[in-house]
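Visitor: Below you'll find protein14.cif; it's mmCIF, C-alpha atoms and all ligand atoms.
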```cif
data_target
loop_
_atom_site.label_atom_id
_atom_site.label_comp_id
_atom_site.auth_asym_id
_atom_site.auth_seq_id
_atom_site.Cartn_x
_atom_site.Cartn_y
_atom_site.Cartn_z
CA MET N 840 -0.43 -14.23 -17.05
CA ILE N 841 -3.54 -12.48 -18.39
CA LEU N 842 -6.62 -13.79 -16.62
CA HIS N 843 -10.27 -13.88 -17.51
CA PRO N 844 -13.30 -14.15 -15.23
CA SER N 845 -13.65 -17.49 -13.54
CA GLY N 846 -15.30 -18.85 -10.40
CA LEU N 847 -13.26 -16.55 -8.15
CA PHE N 848 -14.96 -13.39 -9.44
CA ASN N 849 -17.77 -12.60 -7.04
CA ASN N 850 -18.89 -8.99 -7.29
CA HIS N 851 -22.60 -9.66 -7.29
CA ALA N 852 -24.75 -7.37 -5.16
CA LYS N 853 -26.20 -8.43 -1.83
CA SER N 854 -29.75 -7.61 -1.05
CA TYR N 855 -29.86 -4.79 1.51
CA LYS N 856 -32.81 -3.32 3.43
CA ARG N 857 -31.96 0.37 3.26
CA ILE N 858 -29.66 0.77 0.24
CA SER N 859 -29.36 -0.82 -3.21
CA ALA N 860 -26.04 -1.90 -4.76
CA PHE N 861 -25.40 -2.16 -8.51
CA PRO N 862 -22.08 -3.78 -9.48
CA LEU N 863 -19.82 -1.79 -11.80
CA ALA N 864 -17.47 -4.50 -13.12
CA SER N 865 -16.84 -8.18 -12.71
CA ALA N 866 -13.88 -7.67 -10.40
CA MET N 867 -15.03 -4.85 -8.14
CA GLY N 868 -16.92 -1.59 -7.68
CA ALA N 869 -20.61 -0.82 -7.17
CA GLU N 870 -22.95 2.11 -7.35
CA ILE N 871 -25.01 2.60 -4.20
CA ARG N 872 -28.47 4.08 -4.66
CA GLY N 873 -31.27 5.06 -2.33
CA VAL N 874 -29.32 7.24 0.11
CA SER N 875 -28.53 10.87 0.67
CA LEU N 876 -25.14 11.13 2.36
CA SER N 877 -26.06 14.41 4.04
CA SER N 878 -28.84 12.71 6.05
CA LEU N 879 -27.66 9.18 6.65
CA ASP N 880 -28.90 7.02 9.52
CA ASP N 881 -26.95 4.31 11.36
CA GLU N 882 -28.66 1.37 9.65
CA GLN N 883 -27.88 2.79 6.21
CA PHE N 884 -24.29 3.43 7.23
CA LEU N 885 -23.78 -0.19 8.37
CA GLU N 886 -25.05 -1.41 5.00
CA ILE N 887 -22.76 1.05 3.19
CA GLU N 888 -19.79 -0.23 5.19
CA ASP N 889 -20.74 -3.81 4.34
CA ALA N 890 -21.01 -2.88 0.64
CA LEU N 891 -17.57 -1.26 0.79
CA HIS N 892 -16.04 -4.45 2.22
CA ARG N 893 -17.74 -6.43 -0.51
CA HIS N 894 -17.10 -4.22 -3.56
CA LYS N 895 -13.83 -2.45 -2.42
CA MET N 896 -14.95 0.78 -4.16
CA ILE N 897 -18.48 2.18 -3.99
CA TYR N 898 -19.88 5.40 -5.41
CA PHE N 899 -22.96 7.55 -5.05
CA ARG N 900 -24.35 9.80 -7.79
CA ASN N 901 -26.10 13.17 -7.36
CA GLN N 902 -25.03 13.84 -3.79
CA ASP N 903 -25.70 17.29 -2.40
CA THR N 904 -22.73 17.00 -0.05
CA SER N 905 -21.14 20.02 1.67
CA LEU N 906 -17.57 19.81 3.00
CA ALA N 907 -19.04 19.43 6.51
CA ASP N 908 -21.24 16.53 5.28
CA GLN N 909 -18.18 14.88 3.76
CA GLU N 910 -16.30 15.30 7.06
CA ASN N 911 -19.21 13.79 9.02
CA PHE N 912 -19.52 10.87 6.60
CA THR N 913 -15.74 10.26 6.82
CA LEU N 914 -15.82 10.28 10.62
CA ARG N 915 -18.43 7.49 10.63
CA PHE N 916 -15.65 5.17 9.38
CA GLY N 917 -13.07 6.39 11.91
CA ALA N 918 -10.69 9.26 12.72
CA PHE N 919 -9.31 11.39 9.90
CA GLY N 920 -6.20 10.06 8.24
CA VAL N 921 -2.98 11.98 7.74
CA ASP N 922 -2.44 13.54 4.34
CA ALA N 923 1.24 13.86 3.71
CA TYR N 924 0.98 16.11 0.65
CA THR N 925 -1.52 18.91 1.14
CA PRO N 926 -2.50 21.16 4.07
CA GLY N 927 -6.28 20.93 3.64
CA THR N 928 -8.93 23.50 2.73
CA ALA N 929 -9.58 26.77 4.60
CA GLY N 930 -11.80 25.99 7.59
CA HIS N 931 -11.62 22.26 6.80
CA PRO N 932 -8.07 21.09 7.55
CA ASN N 933 -8.95 17.44 6.91
CA VAL N 934 -10.45 18.04 3.46
CA GLN N 935 -7.91 18.21 0.64
CA LYS N 936 -8.78 20.08 -2.53
CA VAL N 937 -7.52 18.19 -5.58
CA VAL N 938 -7.66 20.46 -8.61
CA LYS N 939 -6.18 20.66 -12.07
CA GLU N 940 -6.95 23.90 -13.88
CA ALA N 941 -7.90 23.92 -17.57
CA ASP N 942 -4.65 25.64 -18.55
CA THR N 943 -2.33 23.48 -16.42
CA ARG N 944 0.16 21.36 -18.33
CA VAL N 945 2.21 19.13 -16.05
CA LYS N 946 3.77 15.72 -16.38
CA MET N 947 2.19 14.35 -13.20
CA ILE N 948 -1.05 15.11 -11.38
CA PHE N 949 -2.07 14.21 -7.84
CA GLY N 950 -2.98 10.50 -7.79
CA SER N 951 -1.40 9.45 -11.09
CA GLY N 952 0.24 6.03 -11.34
CA TRP N 953 -1.15 2.90 -9.71
CA HIS N 954 -0.92 3.39 -5.95
CA THR N 955 -2.41 2.87 -2.55
CA ASP N 956 -2.70 6.11 -0.56
CA SER N 957 0.40 7.20 1.43
CA PRO N 958 1.70 3.68 2.27
CA PHE N 959 5.02 5.21 3.36
CA LEU N 960 3.25 6.22 6.60
CA PRO N 961 3.35 3.84 9.59
CA ARG N 962 -0.47 3.91 9.58
CA PRO N 963 -1.57 4.57 5.99
CA PRO N 964 -5.15 5.72 5.30
CA ALA N 965 -7.58 2.79 5.43
CA ILE N 966 -10.26 4.49 3.36
CA SER N 967 -10.31 7.43 0.94
CA ILE N 968 -13.35 9.46 -0.05
CA LEU N 969 -13.43 11.69 -3.13
CA PHE N 970 -16.20 14.10 -4.15
CA GLY N 971 -16.44 15.50 -7.69
CA VAL N 972 -17.33 19.19 -8.04
CA ASP N 973 -16.03 20.15 -11.48
CA ILE N 974 -15.70 17.30 -13.98
CA PRO N 975 -14.20 17.46 -17.49
CA PRO N 976 -16.51 16.48 -20.38
CA PHE N 977 -14.21 13.53 -21.06
CA GLY N 978 -11.15 12.20 -19.27
CA GLY N 979 -10.36 12.54 -15.58
CA ASP N 980 -11.69 9.04 -14.81
CA THR N 981 -10.30 7.03 -11.89
CA MET N 982 -9.44 3.34 -12.09
CA TRP N 983 -9.17 0.80 -9.28
CA ALA N 984 -7.68 -2.70 -9.17
CA ASN N 985 -8.76 -5.38 -6.69
CA SER N 986 -5.64 -6.49 -4.78
CA GLN N 987 -7.59 -9.06 -2.74
CA LEU N 988 -8.82 -10.83 -5.84
CA ALA N 989 -5.33 -10.64 -7.35
CA TYR N 990 -3.93 -12.35 -4.25
CA GLU N 991 -6.49 -15.17 -4.53
CA PHE N 992 -5.40 -15.83 -8.13
CA LEU N 993 -1.76 -16.48 -7.15
CA SER N 994 -0.49 -20.04 -6.99
CA GLU N 995 -0.14 -21.60 -3.53
CA THR N 996 3.64 -21.69 -4.08
CA MET N 997 3.80 -17.94 -4.77
CA LYS N 998 1.58 -17.26 -1.75
CA LYS N 999 4.07 -19.20 0.43
CA ILE N 1000 7.08 -17.35 -1.04
CA ILE N 1001 5.65 -13.89 -0.40
CA ALA N 1002 3.95 -14.59 2.96
CA PRO N 1003 6.90 -13.52 5.17
CA LEU N 1004 8.07 -10.56 3.03
CA ARG N 1005 8.01 -6.91 4.03
CA VAL N 1006 7.79 -4.25 1.34
CA HIS N 1007 9.57 -0.91 1.60
CA MET N 1008 7.09 1.89 0.83
CA SER N 1009 8.85 5.18 0.07
CA ALA N 1010 7.80 8.48 -1.57
CA ARG N 1011 11.26 9.02 -3.10
CA ASN N 1012 10.14 8.90 -6.75
CA VAL N 1013 7.04 11.03 -6.20
CA LEU N 1014 9.01 13.70 -4.35
CA ARG N 1015 11.57 13.81 -7.15
CA THR N 1016 8.80 14.48 -9.69
CA ILE N 1017 7.15 17.07 -7.41
CA GLN N 1018 10.51 18.85 -7.15
CA GLU N 1019 10.74 19.02 -10.94
CA ILE N 1020 7.19 20.39 -11.17
CA ASN N 1021 7.82 22.90 -8.37
CA SER N 1022 10.70 24.39 -10.31
CA SER N 1023 8.54 24.80 -13.44
CA PRO N 1024 6.20 27.77 -14.19
CA GLU N 1025 3.19 25.48 -13.63
CA ALA N 1026 4.01 24.91 -9.96
CA SER N 1027 1.35 27.20 -8.47
CA LYS N 1028 -1.42 25.58 -10.53
CA LEU N 1029 -1.09 22.18 -8.87
CA GLY N 1030 -2.04 23.48 -5.45
CA SER N 1031 0.11 23.55 -2.37
CA MET N 1032 2.68 20.82 -2.18
CA ASN N 1033 5.28 22.71 -0.16
CA LEU N 1034 6.73 20.02 2.06
CA SER N 1035 9.35 20.75 4.70
CA MET N 1036 12.70 18.98 4.46
CA GLU N 1037 11.79 17.05 7.60
CA ASP N 1038 8.47 15.88 6.11
CA GLN N 1039 10.28 14.82 2.95
CA ARG N 1040 12.92 12.90 4.89
CA GLY N 1041 10.21 10.91 6.68
CA MET N 1042 8.35 10.21 3.44
CA ILE N 1043 11.52 8.98 1.72
CA GLU N 1044 12.57 6.87 4.69
CA GLY N 1045 9.05 5.47 4.55
CA SER N 1046 7.87 2.26 6.23
CA PHE N 1047 8.29 -1.48 5.90
CA HIS N 1048 4.91 -3.22 5.75
CA PRO N 1049 3.75 -6.81 5.18
CA LEU N 1050 3.60 -7.45 1.44
CA VAL N 1051 0.48 -9.53 2.11
CA ARG N 1052 -1.84 -7.74 4.50
CA THR N 1053 -4.95 -8.90 6.31
CA HIS N 1054 -8.14 -6.86 6.34
CA PRO N 1055 -9.05 -6.13 9.98
CA ALA N 1056 -12.82 -6.44 9.43
CA THR N 1057 -13.08 -9.34 6.97
CA GLY N 1058 -9.84 -11.28 7.58
CA ALA N 1059 -9.25 -11.38 3.80
CA LYS N 1060 -5.67 -11.21 2.54
CA ALA N 1061 -4.55 -8.76 -0.13
CA LEU N 1062 -1.33 -7.83 -1.89
CA PHE N 1063 0.10 -4.62 -0.49
CA VAL N 1064 2.39 -3.46 -3.25
CA ASP N 1065 2.06 -0.72 -5.86
CA TYR N 1066 3.80 0.97 -8.77
CA THR N 1067 4.33 4.39 -7.15
CA TYR N 1068 5.69 3.67 -3.68
CA ALA N 1069 6.87 0.02 -3.42
CA SER N 1070 10.62 0.45 -3.75
CA GLY N 1071 12.17 -2.68 -2.27
CA ILE N 1072 11.78 -5.78 -0.13
CA GLN N 1073 13.44 -6.10 3.26
CA GLY N 1074 16.53 -8.35 3.11
CA MET N 1075 16.61 -8.50 -0.71
CA THR N 1076 18.85 -6.68 -3.16
CA GLU N 1077 17.29 -4.31 -5.67
CA ALA N 1078 18.02 -6.85 -8.43
CA GLU N 1079 16.17 -9.56 -6.49
CA ALA N 1080 13.23 -7.44 -5.36
CA ARG N 1081 12.47 -5.46 -8.54
CA PRO N 1082 11.31 -8.36 -10.73
CA LEU N 1083 9.06 -9.68 -7.96
CA LEU N 1084 7.54 -6.23 -7.28
CA ASP N 1085 7.03 -5.67 -11.02
CA PHE N 1086 5.37 -9.07 -11.43
CA LEU N 1087 3.00 -8.43 -8.52
CA VAL N 1088 2.01 -4.91 -9.64
CA ASN N 1089 1.42 -6.08 -13.22
CA HIS N 1090 -0.59 -9.00 -11.85
CA ILE N 1091 -2.86 -6.77 -9.71
CA THR N 1092 -3.41 -4.14 -12.38
CA GLN N 1093 -4.27 -6.39 -15.32
CA PRO N 1094 -7.63 -5.43 -16.88
CA ALA N 1095 -9.62 -8.35 -15.44
CA PHE N 1096 -9.07 -7.10 -11.87
CA THR N 1097 -10.01 -3.46 -12.50
CA CYS N 1098 -12.97 -1.12 -12.75
CA ARG N 1099 -13.14 2.42 -14.11
CA LEU N 1100 -15.38 5.23 -12.90
CA ARG N 1101 -16.65 7.96 -15.19
CA TRP N 1102 -17.13 10.87 -12.80
CA GLU N 1103 -20.13 13.19 -12.88
CA LYS N 1104 -20.57 16.42 -10.96
CA HIS N 1105 -21.60 15.48 -7.39
CA THR N 1106 -20.46 11.86 -7.55
CA LEU N 1107 -18.83 10.71 -4.31
CA ALA N 1108 -16.58 7.62 -4.34
CA VAL N 1109 -15.27 5.65 -1.36
CA TRP N 1110 -12.52 3.04 -1.58
CA ASP N 1111 -10.67 0.76 0.79
CA ASN N 1112 -6.92 1.17 0.36
CA ARG N 1113 -6.39 -2.19 2.09
CA SER N 1114 -8.14 -4.05 -0.73
CA CYS N 1115 -7.38 -2.13 -3.91
CA LEU N 1116 -5.01 0.15 -5.80
CA HIS N 1117 -6.16 3.17 -7.81
CA GLN N 1118 -4.94 5.76 -10.24
CA ALA N 1119 -6.05 9.09 -11.68
CA PHE N 1120 -5.36 10.15 -15.28
CA ASN N 1121 -3.63 13.27 -16.56
CA ASP N 1122 -5.73 13.22 -19.73
CA HIS N 1123 -7.98 16.29 -19.58
CA ASP N 1124 -5.76 19.20 -20.61
CA GLY N 1125 -8.02 22.13 -21.50
CA TYR N 1126 -10.68 21.14 -18.92
CA ARG N 1127 -10.83 21.81 -15.21
CA ARG N 1128 -11.22 19.03 -12.65
CA GLU N 1129 -11.96 19.86 -9.01
CA MET N 1130 -12.41 17.22 -6.31
CA TYR N 1131 -12.49 17.14 -2.49
CA ARG N 1132 -10.77 14.31 -0.70
CA THR N 1133 -10.82 12.99 2.86
CA THR N 1134 -9.19 9.91 4.35
CA VAL N 1135 -9.74 7.64 7.33
CA LEU N 1136 -6.78 6.70 9.51
CA GLY N 1137 -5.81 3.05 9.09
CA GLU N 1138 -4.19 0.53 11.39
CA ALA N 1139 -0.52 -0.43 11.07
CA PRO N 1140 -0.81 -3.06 8.31
CA PHE N 1141 -0.57 -6.66 9.59
C1 LIG N 1201 -6.18 9.98 -5.27
O1 LIG N 1201 -5.27 9.29 -5.67
O2 LIG N 1201 -6.50 9.98 -4.09
C2 LIG N 1201 -6.95 10.88 -6.23
C3 LIG N 1201 -7.60 10.07 -7.32
C4 LIG N 1201 -8.30 10.96 -8.32
O3 LIG N 1201 -8.16 12.19 -8.29
O4 LIG N 1201 -8.99 10.42 -9.18
#
```
Once you've parsed the file, please lay out its structure as structure tokens.
Ligand code: SIN

Guide:
Amino acid sequence: MILHPSGLFNNHAKSYKRISAFPLASAMGAEIRGVSLSSLDDEQFLEIEDALHRHKMIYFRNQDTSLADQENFTLRFGAFGVDAYTPGTAGHPNVQKVVKEADTRVKMIFGSGWHTDSPFLPRPPAISILFGVDIPPFGGDTMWANSQLAYEFLSETMKKIIAPLRVHMSARNVLRTIQEINSSPEASKLGSMNLSMEDQRGMIEGSFHPLVRTHPATGAKALFVDYTYASGIQGMTEAEARPLLDFLVNHITQPAFTCRLRWEKHTLAVWDNRSCLHQAFNDHDGYRREMYRTTVLGEAPF
């Protein structure tokens, strides 16, 4: 069912003392102004955290943020998360460089396809932070979809059906595509994705998580299912689970629940993987895109 804004859409900005929030779309997202992330104080941080809970994805323009500043900002939310795919940047093991060179031609880039970050882990990243350093003149946008709002729009009957279900999150399909890319001449241009067999086994085995998860800070419920990793439902056959997973992913990612960010050099975005899905686009062949990414360790979803 294609939905249009109704009374459940509530992305208006709160009035803060030390920051200003400017909503991006009806469903989610907001630009935060009036702060420099390299010299943040505690009161500003608490307002930023509140804005993140409210808008699910927030972004800051014109930030003069070093990798150390990004690390410090990340650590205000909690301990660094695990990144299953990349080893980190020299001297900054918890900062992942995400780059696509101008001359790279590949069928998949890091972050493509609607997903929540690394949900095959027992404790997937709660929050992801991405800083833009080199931005193509067009393309390379990121989209998000509000999985809390999507949950609220389900019928009470559907909510009851899915309440006890556990979704199997596995990296099987992603690893298959990475393997294909690794055996092509473009492999070196995507950055290091050399995963040991043991790592890959764990990522394929994945984790079973509640299909409806509860946000630890707000108590709000959200759908925890995506296109890239959700590969089954505990106790259901593939034929039973697939249509339900497809329905839920299509429901979350319909246009009314999304927002889209046009990156600029030195834009920093923060999103809550417990409340939204996101995807990057492989649509800027001929132009370089370089980003730096950190994550915050999440709880075991409940
Ligand atoms: C990601 O999925 O974490 C990366 C998104 C992007 O590069 O836009």

Visitor: Taking only C-alpha atoms and all ligand atoms into account, list the residues no farther than 8 Å from ligand LIG 1201 (chain N), as a list of chain:residue names.

Guide: N:Val937, N:Phe949, N:Gly950, N:Ser951, N:His954, N:Thr955, N:Asp956, N:Ser967, N:Ile968, N:Leu969, N:Gly979, N:Asp980, N:Thr981, N:Met982, N:His1117, N:Gln1118, N:Ala1119, N:Phe1120, N:Met1130, N:Arg1132

Visitor: What does the structure give for the distance between CA of Asp1065 in chain N and CA of Val934 in chain N, in Å to one decimal?

Guide: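 Between these atoms lies a distance of 24.4 Å.
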
Visitor: Fewer than 5 positions away in the same chain doesn't count, so skip those; otherwise give me all residues within 8 Å of Leu1084 in chain N, counting all atoms listed in the file, as number ranges by chain.

Guide: N: 1064-1065, 1069, 1071

Visitor: Include C-alpha atoms and write out the residues we just selected as a PDB file, in the coordinates of the input.

Guide:
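Heads up, here's the output in selection-v4.pdb:
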```pdb
ATOM      1  CA  VAL N1064       2.390  -3.460  -3.250  1.00  0.00           C
ATOM      2  CA  ASP N1065       2.060  -0.720  -5.860  1.00  0.00           C
ATOM      3  CA  ALA N1069       6.870   0.020  -3.420  1.00  0.00           C
ATOM      4  CA  GLY N1071      12.170  -2.680  -2.270  1.00  0.00           C
TER       5      GLY N1071
END
```

Visitor: So that I can see what lies close to His894 in chain N, please list as a PyMOL selection string the residues with an atom at most 7 Å from it, counting only C-alpha atoms and leaving out residues fewer than 6 positions away in the same chain.

Guide: chain N and resi 850+867-869

Visitor: Pick out the residues sitting within 10 Å of Asp922 in chain N, and hand them over as a VMD selection string; count only C-alpha atoms, and ignore anything fewer than 6 positions along from it in its own chain.

Guide: chain N and resid 932 to 935 956 to 957 960 963 to 964 1132 to 1136

Visitor: Filtering to C-alpha atoms, could you give me those residues as a short mmCIF file (atom, residue, chain, number, x, y, z; two decimals), in the coordinates of the input?

Guide:
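Final file, out.cif:
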```
data_model
loop_
_atom_site.label_atom_id
_atom_site.label_comp_id
_atom_site.auth_asym_id
_atom_site.auth_seq_id
_atom_site.Cartn_x
_atom_site.Cartn_y
_atom_site.Cartn_z
CA PRO N 932 -8.07 21.09 7.55
CA ASN N 933 -8.95 17.44 6.91
CA VAL N 934 -10.45 18.04 3.46
CA GLN N 935 -7.91 18.21 0.64
CA ASP N 956 -2.70 6.11 -0.56
CA SER N 957 0.40 7.20 1.43
CA LEU N 960 3.25 6.22 6.60
CA PRO N 963 -1.57 4.57 5.99
CA PRO N 964 -5.15 5.72 5.30
CA ARG N 1132 -10.77 14.31 -0.70
CA THR N 1133 -10.82 12.99 2.86
CA THR N 1134 -9.19 9.91 4.35
CA VAL N 1135 -9.74 7.64 7.33
CA LEU N 1136 -6.78 6.70 9.51
#
```

Visitor: Select, from N:His892, N:Pro975, N:Asp881, N:Asp1124, the residue with the minimum atom-to-atom distance to Gly1058 in chain N, counting all atoms listed in the file.

Guide: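 Closest to Gly1058 in chain N, using all atoms listed in the file: N:His892.
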
Visitor: Would you pick out the contacts of Ile1072 in chain N at 12 Å or less, using all atoms listed in the file, so that residues sharing its chain but fewer than 3 positions from it are not included, and give the list as a PyMOL selection string?

Guide: chain N and resi 1001+1003-1009+1046-1050+1063-1064+1068-1069+1075-1085

Visitor: Could you check which of N:Arg915, N:Ile1020, N:Gln883, N:His851 is closest to Lys946 in chain N, using all atoms listed in the file?

Guide: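 Distance minimum relative to Lys946 in chain N lands on N:Ile1020.
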
Visitor: Given only C-alpha atoms as the basis, pick out the residue of N:Asn985, N:Ser854, N:Thr928, N:Ser859 nearest to Asn1112 in chain N.

Guide: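 Ranking N:Asn985, N:Ser854, N:Thr928, N:Ser859 by distance to Asn1112 in chain N, first place goes to N:Asn985.
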
Visitor: Go through range 918-1016 of chain N residue by residue and, counting all atoms listed in the file, keep those with an atom at most 10 Å from range 1052-1057 of chain N; for each kept residue give the shortest atom pair and its distance in Å to one decimal, ordered by chain and increasing number, as a Markdown table.

Guide:
```
| residue | atom | partner | partner_atom | distance |
| --- | --- | --- | --- | --- |
| N:Ala965 | CA | N:His1054 | CA | 9.7 |
| N:Gln987 | CA | N:Arg1052 | CA | 9.3 |
| N:Ala1002 | CA | N:Arg1052 | CA | 9.1 |
| N:Arg1005 | CA | N:Arg1052 | CA | 9.9 |
```

Visitor: Could you check the closest approach to Ile1091 in chain N for each of N:Leu1107, N:Ile1017, N:Val921, N:Ala866 and tell me which residue wins, using only C-alpha atoms?

Guide: N:Ala866

Visitor: What is the CA of Tyr924 in chain N-CA of Leu1034 in chain N distance in Å, reported with one decimal?

Guide: 7.1 Å

Visitor: Taking (-4.1, -2.0, -4.5) in the file's own coordinates, collect the residues within 6 Å, counting all atoms listed in the file, and hand them back as a ChimeraX atom specification.

Guide: /N:955,984,986,1114-1116

Visitor: With C-alpha atoms retained, could you export that selection as an mmCIF file, in the coordinates of the input?

Guide:
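New file result.cif:
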```cif
data_model
loop_
_atom_site.group_PDB
_atom_site.id
_atom_site.type_symbol
_atom_site.label_atom_id
_atom_site.label_comp_id
_atom_site.auth_asym_id
_atom_site.auth_seq_id
_atom_site.Cartn_x
_atom_site.Cartn_y
_atom_site.Cartn_z
ATOM 1 C CA THR N 955 -2.410 2.870 -2.550
ATOM 2 C CA ALA N 984 -7.680 -2.700 -9.170
ATOM 3 C CA SER N 986 -5.640 -6.490 -4.780
ATOM 4 C CA SER N 1114 -8.140 -4.050 -0.730
ATOM 5 C CA CYS N 1115 -7.380 -2.130 -3.910
ATOM 6 C CA LEU N 1116 -5.010 0.150 -5.800
#
```

Visitor: Residues near Gln902 in chain N, anyone? I mean within 9 Å using all atoms listed in the file, not counting same-chain ones fewer than 4 positions away, as a list in words.

Guide: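 Here the qualifying residues turn out to be Val874, Ser875, Leu876, Ser877, Phe970, Lys1104, His1105, Thr1106 and Leu1107 of chain N.
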
Visitor: Take the residues from that selection and put them in a file with C-alpha atoms, as a compact mmCIF listing (two decimals), in the frame of the given file.

Guide:
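In the end it all went to selection-v4.txt:
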```txt
# COMPACT_ATOMS: atom_id res chain seq x y z
CA VAL N 874 -29.32 7.24 0.11
CA SER N 875 -28.53 10.87 0.67
CA LEU N 876 -25.14 11.13 2.36
CA SER N 877 -26.06 14.41 4.04
CA PHE N 970 -16.20 14.10 -4.15
CA LYS N 1104 -20.57 16.42 -10.96
CA HIS N 1105 -21.60 15.48 -7.39
CA THR N 1106 -20.46 11.86 -7.55
CA LEU N 1107 -18.83 10.71 -4.31
```

Visitor: So the first atom is CA of Gly920 in chain N and the second is CA of Ala1139 in chain N; what is the distance between them in Å, to one decimal place?

Guide: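 Distance reported for this atom pair: 12.3 Å.
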
Visitor: So, counting only C-alpha atoms, which residue among N:Gly873, N:Pro926, N:Gly952, N:Gly1137 is closest to Asn1121 in chain N?

Guide: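 Nearest to Asn1121 in chain N: N:Gly952.
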
Visitor: Give the answer as one residue: which of N:Glu886, N:Arg1113, N:Ala907, N:Thr943 has the shortest atom-to-atom distance to Glu1138 in chain N, using only C-alpha atoms?

Guide: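 The answer is N:Arg1113, which sits nearest to Glu1138 in chain N.
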